[in-house]
>>> print(open('query-v8.txt').read())   # compact mmCIF, C-alpha atoms
# COMPACT_ATOMS: atom_id res chain seq x y z
CA MET A 150 9.96 51.63 194.11
CA GLY A 151 8.11 52.08 190.91
CA THR A 152 6.27 48.78 190.39
CA GLU A 153 2.92 48.82 188.64
CA ALA A 154 1.15 47.93 191.90
CA GLU A 155 2.85 50.75 193.81
CA ILE A 156 1.99 53.30 191.16
CA LYS A 157 -1.64 52.16 191.05
CA ALA A 158 -1.89 52.32 194.84
CA ALA A 159 -0.38 55.81 194.98
CA ALA A 160 -2.76 57.00 192.28
CA ALA A 161 -5.76 55.46 194.04
CA ARG A 162 -4.90 57.21 197.33
CA ARG A 163 -5.17 60.52 195.48
CA ASP A 164 -8.16 59.57 193.33
CA ILE A 165 -6.04 59.95 190.20
CA PRO A 166 -6.99 57.83 187.17
CA CYS A 167 -4.24 55.35 186.32
CA HIS A 168 -3.86 54.01 182.79
CA VAL A 169 -1.42 51.18 182.16
CA VAL A 170 0.21 51.21 178.73
CA PRO A 171 2.01 47.94 177.87
CA LEU A 172 5.45 48.40 176.29
CA ASP A 173 5.88 44.89 174.94
CA SER A 174 6.65 45.84 171.34
CA GLN A 175 10.06 46.35 169.83
CA PHE A 176 11.24 47.64 166.49
CA ARG A 177 14.67 46.05 166.17
CA CYS A 178 15.06 43.17 163.75
CA GLY A 179 11.98 44.10 161.78
CA GLY A 180 9.86 43.70 164.91
CA SER A 181 10.53 39.95 164.89
CA ASP A 182 10.02 38.67 168.44
CA ALA A 183 10.75 35.17 167.13
CA TYR A 184 14.21 36.22 165.98
CA LEU A 185 15.03 37.95 169.27
CA ARG A 186 13.97 34.84 171.17
CA TRP A 187 16.10 32.70 168.87
CA VAL A 188 19.18 34.87 169.55
CA VAL A 189 18.86 34.91 173.33
CA ARG A 190 18.28 31.16 173.43
CA LEU A 191 21.14 30.54 171.03
CA LEU A 192 23.52 32.39 173.36
CA GLY A 193 22.16 30.91 176.57
CA LEU A 194 20.88 34.26 177.82
CA GLU A 195 17.51 32.64 178.46
CA PRO A 196 16.84 29.04 179.49
CA GLY A 197 15.95 26.29 177.04
CA GLY A 198 19.04 26.08 174.86
CA PRO A 199 19.46 26.80 171.14
CA VAL A 200 16.62 25.91 168.80
CA VAL A 201 16.34 25.56 165.04
CA TRP A 202 15.49 28.86 163.38
CA GLU A 203 12.00 28.84 161.91
CA PRO A 204 11.84 31.63 159.32
CA ASP A 205 9.15 34.23 159.78
CA ASP A 206 8.07 37.03 157.48
CA ARG A 207 10.05 39.67 159.36
CA MET A 208 13.73 38.62 159.52
CA HIS A 209 16.13 36.69 157.30
CA LEU A 210 18.91 34.64 158.90
CA LEU A 211 21.82 33.16 156.94
CA VAL A 212 25.11 31.44 157.78
CA ALA A 213 28.24 32.08 155.71
CA ASP A 214 31.22 29.77 155.30
CA SER A 215 33.72 32.62 155.06
CA PRO A 216 33.87 36.37 155.67
CA GLN A 217 34.38 36.82 151.93
CA GLU A 218 31.13 34.98 151.22
CA MET A 219 29.37 37.08 153.83
CA GLU A 220 30.70 40.31 152.36
CA ALA A 221 29.73 39.30 148.82
CA LEU A 222 26.16 38.60 149.89
CA LEU A 223 25.94 41.92 151.70
CA GLN A 224 27.26 43.66 148.60
CA GLU A 225 24.40 42.08 146.66
CA ARG A 226 21.93 43.40 149.21
CA ARG A 227 23.43 46.88 148.87
CA ALA A 228 22.97 46.65 145.11
CA GLN A 229 19.28 45.95 145.79
CA GLY A 230 18.99 49.18 147.77
CA TYR A 231 19.52 47.91 151.30
CA GLY A 232 21.93 49.32 153.86
CA ALA A 233 24.49 46.83 155.19
CA ARG A 234 27.40 46.73 157.63
CA MET A 235 29.81 44.14 159.01
CA SER A 236 30.72 43.86 162.68
CA ALA A 237 32.70 41.43 164.81
CA GLY A 238 33.54 40.43 168.32
CA TYR A 239 36.36 42.39 169.93
CA CYS A 240 38.94 39.67 169.21
CA TRP A 241 41.54 41.52 167.16
CA ARG A 242 44.07 44.13 168.14
CA TRP A 243 43.06 47.73 167.65
CA SER A 244 45.85 50.20 167.03
CA PRO A 245 45.99 53.91 166.15
CA GLU A 246 49.02 53.23 163.95
CA PRO A 247 48.46 52.79 160.20
CA ALA A 248 48.95 49.27 158.91
CA PRO A 249 51.92 48.82 156.58
CA VAL A 250 49.80 46.97 154.03
CA PRO A 251 46.18 47.29 152.90
CA ARG A 252 43.81 45.48 155.19
CA CYS A 253 40.16 45.64 156.14
CA ARG A 254 39.71 48.53 158.53
CA TRP A 255 37.99 48.19 161.91
CA THR A 256 35.89 51.33 162.42
CA SER A 257 38.32 54.12 163.24
CA SER A 258 41.62 52.62 164.34
CA SER A 259 42.47 48.97 163.98
CA VAL A 260 43.87 46.17 161.85
CA THR A 261 42.46 42.77 161.10
CA GLY A 262 43.32 39.21 161.85
CA PRO A 263 43.28 36.30 159.40
CA ALA A 264 39.49 36.02 159.59
CA LEU A 265 39.06 39.16 157.52
CA GLU A 266 41.56 38.59 154.75
CA PRO A 267 41.95 39.08 151.81
CA ALA A 268 43.01 42.70 152.12
CA ARG A 269 41.15 45.42 150.29
CA ARG A 270 42.40 48.95 150.82
CA PRO A 271 44.87 50.82 153.02
CA LEU A 272 43.82 52.24 156.35
CA GLY A 273 42.80 55.85 156.08
CA VAL A 274 41.68 55.66 152.45
CA GLY A 275 37.98 56.47 152.16
CA CYS A 276 37.26 55.37 155.73
CA ALA A 277 34.47 56.66 157.95
CA PRO A 278 35.13 57.83 161.51
CA ALA A 279 33.76 55.52 164.19
CA ALA A 280 30.87 57.83 165.06
CA LEU A 281 29.66 57.77 161.44
CA TRP A 282 30.52 54.15 160.66
CA ALA A 283 26.89 53.01 160.55
CA THR A 284 25.69 55.85 158.29
CA ASP A 285 28.65 56.99 156.14
CA PRO A 286 28.72 55.07 152.81
CA ALA A 287 32.42 54.38 153.40
CA GLY A 288 31.50 52.43 156.52
CA PHE A 289 30.77 49.26 154.58
CA GLY A 290 34.47 48.80 153.89
CA GLN A 291 35.14 48.75 157.63
CA VAL A 292 34.25 46.31 160.39
CA GLY A 293 32.39 47.62 163.41
CA CYS A 294 32.23 46.37 166.97
CA VAL A 295 29.79 46.42 169.87
CA TYR A 296 30.63 50.06 170.59
CA THR A 297 29.67 51.30 167.12
CA ALA A 298 26.81 48.94 166.20
CA GLN A 299 24.16 50.48 168.41
CA GLY A 300 21.35 51.86 166.29
CA PHE A 301 18.74 51.27 163.61
CA GLU A 302 20.93 52.55 160.80
CA TYR A 303 21.26 49.52 158.49
CA ASP A 304 19.07 46.75 157.09
CA TRP A 305 21.48 43.83 156.77
CA SER A 306 24.02 42.93 159.43
CA GLY A 307 27.04 40.71 158.88
CA VAL A 308 28.37 39.35 162.19
CA ILE A 309 31.74 37.64 162.68
CA ILE A 310 31.91 35.51 165.84
CA GLY A 311 35.54 35.35 166.91
CA PRO A 312 37.51 32.83 168.97
CA ASP A 313 36.33 34.35 172.24
CA LEU A 314 33.09 32.36 171.91
CA VAL A 315 33.03 28.82 170.48
CA TRP A 316 30.62 25.90 170.58
CA ARG A 317 32.04 22.74 172.12
CA GLY A 318 29.92 19.60 172.41
CA ASP A 319 26.65 20.86 173.86
CA ARG A 320 27.54 24.31 175.14
CA TRP A 321 29.24 27.62 174.54
CA VAL A 322 32.77 28.08 175.80
CA ALA A 323 33.91 31.66 176.30
CA ASP A 324 37.62 32.44 176.36
CA PRO A 325 38.32 35.90 177.82
CA ALA A 326 41.96 35.52 176.80
CA GLU A 327 40.86 35.81 173.15
CA SER A 328 39.13 39.13 173.80
CA LYS A 329 40.99 42.38 173.20
CA ASP A 330 38.27 44.43 174.90
CA PRO A 331 39.87 46.52 177.69
CA VAL A 332 36.58 46.42 179.57
CA PHE A 333 37.12 42.71 180.26
CA ARG A 334 40.66 43.27 181.44
CA ARG A 335 39.36 45.81 183.94
CA SER A 336 36.54 43.56 185.12
CA ALA A 337 36.61 42.25 188.66
CA ALA A 338 37.43 38.60 189.20
CA HIS A 339 33.84 37.79 190.13
CA THR A 340 32.39 39.28 186.94
CA ASP A 341 30.63 36.77 184.69
CA VAL A 342 32.85 37.42 181.67
CA SER A 343 31.22 34.58 179.76
CA ARG A 344 27.88 36.34 179.97
CA LEU A 345 29.46 39.65 178.98
CA ILE A 346 30.92 38.05 175.86
CA ARG A 347 27.64 36.35 174.96
CA ASN A 348 25.78 39.61 175.50
CA THR A 349 28.23 41.33 173.14
CA TYR A 350 27.19 38.94 170.38
CA LYS A 351 23.55 39.40 171.31
CA VAL A 352 23.98 43.10 170.57
CA LEU A 353 25.72 42.45 167.24
CA LEU A 354 23.18 39.82 166.15
CA THR A 355 20.24 42.16 166.78
CA ARG A 356 21.37 45.27 164.87
CA GLY A 357 20.04 44.43 161.41
CA MET A 358 16.51 45.51 160.54
CA VAL A 359 15.92 43.08 157.66
CA GLY A 360 18.44 40.25 157.92
CA THR A 361 21.57 38.87 159.54
CA VAL A 362 24.44 36.92 158.02
CA VAL A 363 26.61 35.21 160.63
CA TYR A 364 30.06 33.68 160.29
CA SER A 365 32.24 32.04 162.95
CA THR A 366 36.01 31.72 162.70
CA ASP A 367 35.67 28.30 164.40
CA ALA A 368 34.71 25.25 162.33
CA GLU A 369 32.75 23.45 165.06
CA THR A 370 30.80 26.60 165.81
CA ARG A 371 29.97 27.08 162.13
CA ALA A 372 28.71 23.49 162.02
CA LYS A 373 26.44 24.18 164.99
CA LEU A 374 25.08 27.32 163.37
CA ARG A 375 24.49 25.40 160.14
CA ALA A 376 22.51 22.78 162.04
CA LEU A 377 20.29 25.49 163.52
CA VAL A 378 19.84 27.57 160.39
CA THR A 379 18.77 25.30 157.55
CA GLY A 380 19.24 26.20 153.91
CA GLY A 381 22.14 27.80 152.11
CA LEU A 382 22.82 31.44 151.40
CA GLN A 383 19.76 32.86 149.75
CA ARG A 384 20.33 35.28 146.90
CA GLU A 385 16.78 35.88 145.82
CA VAL A 386 15.72 38.42 148.45
CA ALA A 387 14.77 41.68 146.77
CA ARG A 388 13.67 44.95 148.28
CA PRO A 389 9.87 45.37 148.19
>>> encode(input="query-v8.txt", output="structure tokens")
Amino acid sequence: MGTEAEIKAAAARRDIPCHVVPLDSQFRCGGSDAYLRWVVRLLGLEPGGPVVWEPDDRMHLLVADSPQEMEALLQERRAQGYGARMSAGYCWRWSPEPAPVPRCRWTSSSVTGPALEPARRPLGVGCAPAALWATDPAGFGQVGCVYTAQGFEYDWSGVIIGPDLVWRGDRWVADPAESKDPVFRRSAAHTDVSRLIRNTYKVLLTRGMVGTVVYSTDAETRAKLRALVTGGLQREVARP
């Protein structure tokens, strides 16, 4: 029930005018349909395979060689007046226990893996709660996940692709064993976990409103991203 034809027919039977309003616009990613198409094709969520990113006037897309490089670029964007946050796949252990040494905090309750070193500050020092991660100024010093990166709150998005999704040869290979997401552990055997993982990164890659900086912990995957996104890190973007 509820198709356009059914609604039109029901309205006609009652002599009620029916006006169809197309809802084909979107406001994520600066309204860049080209960027959204690039992301879903990159991740194999639509047919056709990955394509080279062709920059438009709505979204910026960059590839970093390290999380430190990604963070430094996002810091520059913040200095220009943009909002920025970092997020990552759910590939590292989350724990309510404080870490014994300073490390990059994951939203409200976790510690990092090697991908996010070097350490910066102890857990619990100037950290935002998960619900305010995207809006509290302290949130930039933390790394969010798919459950906290849900809105339109920040301009630049730094995304870390973990070892649960790597590029091998001519395709993506998803490894559920690398995921620490309890949702996957509860999933039924017939669930397409590969698609769930790829959809997780689709969410993360489409949170920024102005630009995205992506980094993969896997060298072959970084090489693939580099081949699709030409040009180095751009440092000349300034807020209009």
>>> atom_distance(input="query-v8.txt", atom1="atom CA of A:Leu211", atom2="atom CA of A:Val359")
11.6 Å
>>> atom_distance(input="query-v8.txt", atom1="atom CA of A:Ala283", atom2="atom CA of A:Ala233")
8.5 Å
>>> atom_distance(input="query-v8.txt", atom1="atom CA of A:Asp182", atom2="atom CA of A:Trp202")
12.3 Å
>>> residues_around(input="query-v8.txt", residues="A:Ala287", least_positions_apart="4", cutoff="9 Å", atoms="all atoms listed in the file", output="list in words")
Gly275, Cys276, Ala277, Trp282 and Gln291 of chain A
>>> closest_residue(input="query-v8.txt", among="A:Glu218, A:Asp319, A:Asp304, A:Glu225", to="A:Thr361", atoms="all atoms listed in the file")
A:Asp304
>>> closest_residue(input="query-v8.txt", among="A:Gly318, A:Pro325, A:Pro278, A:Gly288", to="A:Val342", atoms="only C-alpha atoms")
A:Pro325
>>> closest_residue(input="query-v8.txt", among="A:Asp164, A:Asp324, A:Asp173, A:Glu369", to="A:Arg344", atoms="all atoms listed in the file")
A:Asp324
>>> residues_around(input="query-v8.txt", residues="A:Trp187", least_positions_apart="2", cutoff="8 Å", atoms="all atoms listed in the file", output="MDAnalysis selection string")
chainID A and resid 183:185 189:191 199:200 202
>>> closest_residue(input="query-v8.txt", among="A:Tyr303, A:Arg347, A:Ala279, A:Val363", to="A:Arg227", atoms="all atoms listed in the file")
A:Tyr303
>>> closest_residue(input="query-v8.txt", among="A:Gln299, A:Gln224, A:Ser236, A:Ser306", to="A:Met208", atoms="only C-alpha atoms")
A:Ser306
>>> closest_residue(input="query-v8.txt", among="A:Arg371, A:Val170, A:Arg234, A:Ser343", to="A:Ala221", atoms="all atoms listed in the file")
A:Arg234
>>> residues_near_point(input="query-v8.txt", point="(28.4, 27.6, 172.3)", cutoff="10 Å", atoms="only C-alpha atoms", output="ChimeraX atom specification")
/A:191-193,198-199,314-323,347,369-370,373-374
